[in-house]
Amino acid sequence: MIARRVREASVYSEIVPSNITAAEVAAKSPVGIVLSGGPSSVYEEGAPGLDPAIFDLGVPVLGICYGFQVMAQTLGGEVAHSGLREYGATDMAVTGDGGVLLGGQPVDQTVWMSHGDQVSKAPEGFTVVASSASTPVAAFANDAKQQYGVQWHPEVKHTQFGQNVLENFLHTAAGIPADWNSGNVIADQVAAIRAQVGSGKVICGLSGGVDSAVAAALVHEAVGDQLTCVFVDHGLLRADERRQVEEDYVAATGVRLVTVDAREQFLDALAGVTDPEQKRKIIGREFIRSFEGAAEALVLEAAADAASEPVKFLVQGTLYPDVVESGGGTGTANIKSHHNVGGLPEDLQFALVEPLRTLFKDEVRAIGRQLGLPEVIVGRQPFPGPGLGIRIVGEVTFERLELLRAADAIVRAELTAAGLDGEIWQCPVVLLADVRSVGVQGDGRTYGHPIVLRPVSSEDAMTADWTRLPYDLLARISNRITNEVAGVNRVVLDVTSKPPGTIEWE
Ligand SMILES: Nc1ncnc2c1ncn2[C@@H]1O[C@H](COP(=O)(O)OP(=O)(O)OP(=O)(O)O)[C@@H](O)[C@H]1O
Ligand SMILES: O=c1[nH]c(=O)c2[nH+]cn([C@@H]3O[C@H](COP(=O)(O)O)[C@@H](O)[C@H]3O)c2[nH]1
Ligand SMILES: NC(=O)CC[C@H](N)C(=O)O
Ligand SMILES: [Mg+2]
């Protein structure tokens, strides 16, 4: 979230683990450092600390929540567990003139807090610039050293002046210009792709989704017809998806596209598997096997006329959230293994070309528009690579896929008819295959499965809220699904935000 908000301030940002050394930080030449929050308590055995020399690099630092507490502790202040916890919206007051971080903001404001520990004494040289009823030291500043900290979460939208705090740190305190945007990404990436692949052949996993469409367009811009796109029909697709990609997509972009029919292969590999992480790893592996098959076929085809070399490069539309959620490196939690990152097999032979790996979805959409991709592609709702495979809670079978495909088609048709496609981020439809409940249909007893509707609103899939769909629309969807999809006798609505729920159920 913090990285995302920094980008929103037109400053490039990257996440690194807390055990990075000062030398490694220096090697990256950062112009500012933000220390994030976290669940530990600084005084606990084994709590994440940081290399104290980071504070001597002369780089401006902003500590947030746990980062603020670590800063206090490392620089000679004190952190205590007072038993006064603050969760959620909290009244905070700016003290004095607020300094660089809070100057110009209203004295009384609402911030989002989420902590049980607090800084009981600011380190020497630091001025307290905000406090709340339970937290006298809610923010501090040391202008001479350009070091700042806040107990609350400025990255959260519920914090009234949160973005302003971040921008004050970035632009005013650290003096970083607001000059990062998607325009420079295109030129940089085209150059980087050319340098990486040279005259080699490249294949791109193309799904019909936004990310791979934009990745393919960038690579096409860089290396032209060295590129062939490969669409894998793994049998976990939604109704009509294959035709859409094969016809509409090719018509809009003119890319060279090969389709691999891997329906049996995926279904066989998934037989008997119910654990979500295991499903994701199997799907990740079978995707790569399909790409290998397609690459070999291309080489054989080329062998007929020209010198044919193996395809060494695989383009994927991997985004930063895929990497972050897959536990991208040390120090971040593994939430779920996205098939294209954490689900990749160990014996991967391809060199990956992932020009969007550091970007968020809205940035990718902006790049797609700049590259001239049509709105039907750029504005599409996301659909995960593992598809319906991670929307069947329980074993994936052909019959269950058919059932879910039918329910999903109804939901999509109704949302489109209601004109809501542009308003919701996406609406996973989930089959609880291991749950059954009693119903009465056609005057007889049924013992069927529930279908879950998961409409969400989001800006970047990092956080999301459940979308308040009109009741009459929900009623129509429920009615149609229970009438038209045999085996389903109940439709339920998921009213959980992210966090704590993720968007997909598995
Ligand atoms: N059916 C598929 N065939 C080939 N490649 C795929 C397929 N599904 C996913 N991929 C690859 O995996 C990557 C990640 O999938 P993901 O769903 O995150 O992206 P997307 O489909 O391109 O965009 P969106 O998030 O809008 O659905 C894709 O960019 C693509 O490279
Ligand atoms: O290509 C993908 N491969 C995956 O393995 C995967 N898992 C989740 N998603 C999509 O990512 C976004 C965030 O989803 P979650 O809140 O469920 O993690 C949502 O948009 C999800 O649909 C995936 N996309
Ligand atoms: N959100 C956080 O960073 C919490 C920090 C620390 N665990 C606390 O409870 O005070
Ligand atoms: Mg997709």
# chains A, B, ... in the order shown; residues from 1 in each chain; ligands from 1
>>> residues_near_ligand(ligand="ligand 2", cutoff="9 Å", atoms="only C-alpha atoms and all ligand atoms", output="PyMOL selection string")
chain A and resi 209+211+280+283-284+317-319+321-322+325-326+335-343+381-387+390+425-428+460-464+498-499+501-506
>>> residues_around(residues="A:Ile451", least_positions_apart="5", cutoff="9 Å", atoms="only C-alpha atoms", output="PyMOL selection string")
chain A and resi 404+407+429-433+481+488-493
>>> write_last_selection(atoms="N, CA, C and O atoms", output="CSV table (one decimal), in the first residue's frame")
chain,number,residue,atom,x,y,z
A,404,LEU,N,-20.0,-24.3,-12.8
A,404,LEU,CA,-19.6,-23.0,-12.4
A,404,LEU,C,-19.5,-22.0,-13.7
A,404,LEU,O,-19.9,-20.9,-13.6
A,407,ALA,N,-23.0,-20.7,-14.1
A,407,ALA,CA,-23.4,-19.7,-13.1
A,407,ALA,C,-22.7,-18.4,-13.4
A,407,ALA,O,-23.2,-17.3,-13.4
A,429,VAL,N,-17.2,-15.6,-9.2
A,429,VAL,CA,-18.3,-16.5,-8.8
A,429,VAL,C,-17.7,-17.8,-8.4
A,429,VAL,O,-16.9,-18.4,-9.1
A,430,VAL,N,-18.0,-18.2,-7.1
A,430,VAL,CA,-17.3,-19.3,-6.5
A,430,VAL,C,-18.3,-20.5,-6.3
A,430,VAL,O,-19.4,-20.2,-5.8
A,431,LEU,N,-17.8,-21.7,-6.5
A,431,LEU,CA,-18.6,-22.9,-6.2
A,431,LEU,C,-18.1,-23.6,-5.0
A,431,LEU,O,-16.9,-23.9,-4.9
A,432,LEU,N,-18.9,-23.7,-4.0
A,432,LEU,CA,-18.5,-24.4,-2.8
A,432,LEU,C,-18.8,-25.9,-3.0
A,432,LEU,O,-19.9,-26.4,-2.5
A,433,ALA,N,-17.9,-26.6,-3.6
A,433,ALA,CA,-18.2,-27.9,-4.0
A,433,ALA,C,-18.2,-28.9,-2.9
A,433,ALA,O,-18.8,-30.0,-2.9
A,481,ILE,N,-29.8,-18.3,-11.4
A,481,ILE,CA,-28.8,-19.4,-11.1
A,481,ILE,C,-29.5,-20.6,-10.6
A,481,ILE,O,-29.3,-21.7,-11.0
A,488,VAL,N,-27.4,-26.4,-8.1
A,488,VAL,CA,-27.2,-25.3,-7.2
A,488,VAL,C,-28.6,-24.9,-6.6
A,488,VAL,O,-29.5,-24.7,-7.4
A,489,ASN,N,-28.7,-24.9,-5.3
A,489,ASN,CA,-29.9,-24.5,-4.7
A,489,ASN,C,-29.8,-23.3,-3.7
A,489,ASN,O,-30.7,-23.1,-3.0
A,490,ARG,N,-28.7,-22.6,-3.8
A,490,ARG,CA,-28.5,-21.5,-2.9
A,490,ARG,C,-27.5,-20.6,-3.5
A,490,ARG,O,-26.5,-21.0,-4.0
A,491,VAL,N,-27.8,-19.2,-3.4
A,491,VAL,CA,-26.8,-18.2,-3.8
A,491,VAL,C,-26.5,-17.3,-2.7
A,491,VAL,O,-27.5,-16.8,-2.0
A,492,VAL,N,-25.3,-17.1,-2.3
A,492,VAL,CA,-24.9,-16.3,-1.2
A,492,VAL,C,-24.0,-15.2,-1.6
A,492,VAL,O,-23.3,-15.3,-2.6
A,493,LEU,N,-24.0,-14.1,-0.8
A,493,LEU,CA,-23.2,-12.9,-1.2
A,493,LEU,C,-22.1,-12.7,-0.2
A,493,LEU,O,-22.3,-12.8,1.0
>>> atom_distance(atom1="atom CA of A:Arg7", atom2="atom CA of A:Gly327")
20.4 Å
>>> residues_around(residues="A:Ala269", least_positions_apart="3", cutoff="8 Å", atoms="only C-alpha atoms", output="PyMOL selection string")
chain A and resi 265-266+282+286
>>> residues_near_ligand(ligand="ligand 3", cutoff="7 Å", atoms="only C-alpha atoms and all ligand atoms", output="NGL selection string")
:A and (36-41 or 64-67 or 114-118)
>>> select_by_dssp(residues="stretch 9-90 of chain A", states="helix (DSSP H, G or I)", output="list in words")
Ala22, Ala23, Glu24, Val25, Ala26, Ala27, Pro52, Ala53, Ile54, Phe55, Asp56, Tyr66, Gly67, Phe68, Gln69, Val70, Met71, Ala72, Gln73 and Thr74 of chain A
>>> write_last_selection(atoms="N, CA, C and O atoms", output="tab-separated table (two decimals), in the first residue's frame")
chain	number	residue	atom	x	y	z
A	22	ALA	N	22.83	-1.67	5.33
A	22	ALA	CA	23.01	-0.28	4.92
A	22	ALA	C	23.78	-0.21	3.59
A	22	ALA	O	23.47	0.61	2.73
A	23	ALA	N	24.75	-1.12	3.42
A	23	ALA	CA	25.54	-1.12	2.18
A	23	ALA	C	24.64	-1.45	0.99
A	23	ALA	O	24.74	-0.84	-0.08
A	24	GLU	N	23.73	-2.43	1.18
A	24	GLU	CA	22.83	-2.81	0.09
A	24	GLU	C	21.85	-1.67	-0.22
A	24	GLU	O	21.50	-1.43	-1.38
A	25	VAL	N	21.43	-0.97	0.83
A	25	VAL	CA	20.55	0.17	0.61
A	25	VAL	C	21.31	1.23	-0.20
A	25	VAL	O	20.81	1.73	-1.21
A	26	ALA	N	22.54	1.53	0.24
A	26	ALA	CA	23.34	2.56	-0.42
A	26	ALA	C	23.54	2.22	-1.89
A	26	ALA	O	23.50	3.10	-2.76
A	27	ALA	N	23.72	0.91	-2.19
A	27	ALA	CA	23.97	0.49	-3.57
A	27	ALA	C	22.78	0.82	-4.48
A	27	ALA	O	22.93	0.97	-5.69
A	52	PRO	N	21.27	-0.31	11.89
A	52	PRO	CA	21.24	1.08	12.38
A	52	PRO	C	22.00	2.03	11.47
A	52	PRO	O	21.69	3.24	11.42
A	53	ALA	N	22.98	1.50	10.73
A	53	ALA	CA	23.78	2.36	9.85
A	53	ALA	C	22.91	2.98	8.75
A	53	ALA	O	23.31	3.95	8.10
A	54	ILE	N	21.71	2.44	8.54
A	54	ILE	CA	20.81	3.01	7.53
A	54	ILE	C	20.47	4.46	7.89
A	54	ILE	O	20.30	5.32	7.02
A	55	PHE	N	20.44	4.73	9.22
A	55	PHE	CA	20.12	6.10	9.65
A	55	PHE	C	21.29	7.06	9.44
A	55	PHE	O	21.14	8.25	9.62
A	56	ASP	N	22.48	6.52	9.12
A	56	ASP	CA	23.65	7.39	8.92
A	56	ASP	C	23.97	7.59	7.44
A	56	ASP	O	25.01	8.15	7.10
A	66	TYR	N	5.00	0.50	13.12
A	66	TYR	CA	6.12	-0.29	13.63
A	66	TYR	C	7.45	0.36	13.21
A	66	TYR	O	8.41	0.41	13.98
A	67	GLY	N	7.49	0.88	11.99
A	67	GLY	CA	8.70	1.55	11.50
A	67	GLY	C	9.06	2.76	12.35
A	67	GLY	O	10.24	3.06	12.60
A	68	PHE	N	8.04	3.46	12.80
A	68	PHE	CA	8.19	4.62	13.69
A	68	PHE	C	8.76	4.16	15.03
A	68	PHE	O	9.68	4.75	15.60
A	69	GLN	N	8.22	3.03	15.52
A	69	GLN	CA	8.67	2.50	16.82
A	69	GLN	C	10.11	1.99	16.74
A	69	GLN	O	10.92	2.24	17.64
A	70	VAL	N	10.44	1.32	15.65
A	70	VAL	CA	11.82	0.83	15.46
A	70	VAL	C	12.79	2.00	15.42
A	70	VAL	O	13.89	1.97	15.98
A	71	MET	N	12.35	3.04	14.75
A	71	MET	CA	13.18	4.24	14.63
A	71	MET	C	13.45	4.82	16.01
A	71	MET	O	14.59	5.14	16.36
A	72	ALA	N	12.37	4.95	16.80
A	72	ALA	CA	12.50	5.50	18.15
A	72	ALA	C	13.48	4.66	18.96
A	72	ALA	O	14.41	5.18	19.58
A	73	GLN	N	13.30	3.34	18.89
A	73	GLN	CA	14.14	2.46	19.69
A	73	GLN	C	15.61	2.52	19.24
A	73	GLN	O	16.51	2.64	20.06
A	74	THR	N	15.82	2.48	17.93
A	74	THR	CA	17.20	2.46	17.41
A	74	THR	C	17.93	3.77	17.69
A	74	THR	O	19.13	3.78	17.91
>>> closest_residue(among="A:Arg285, A:Lys145, A:Lys279, A:Lys361", to="ligand 4", atoms="only C-alpha atoms and all ligand atoms")
A:Lys361
>>> residues_around(residues="stretch 150-160 of chain A", least_positions_apart="5", cutoff="6 Å", atoms="only C-alpha atoms", output="count of residues only")
10
>>> closest_residue(among="A:Val11, A:Val245, A:Val223, A:Leu371", to="ligand 4", atoms="only C-alpha atoms and all ligand atoms")
A:Val245
>>> atom_distance(atom1="atom CA of A:Gly58", atom2="atom CA of A:Ala174")
10.5 Å
>>> residues_around(residues="A:Ser207", least_positions_apart="2", cutoff="12 Å", atoms="only C-alpha atoms", output="count of residues only")
44
>>> atom_distance(atom1="atom CA of A:Leu415", atom2="atom CA of A:Leu473")
8.0 Å
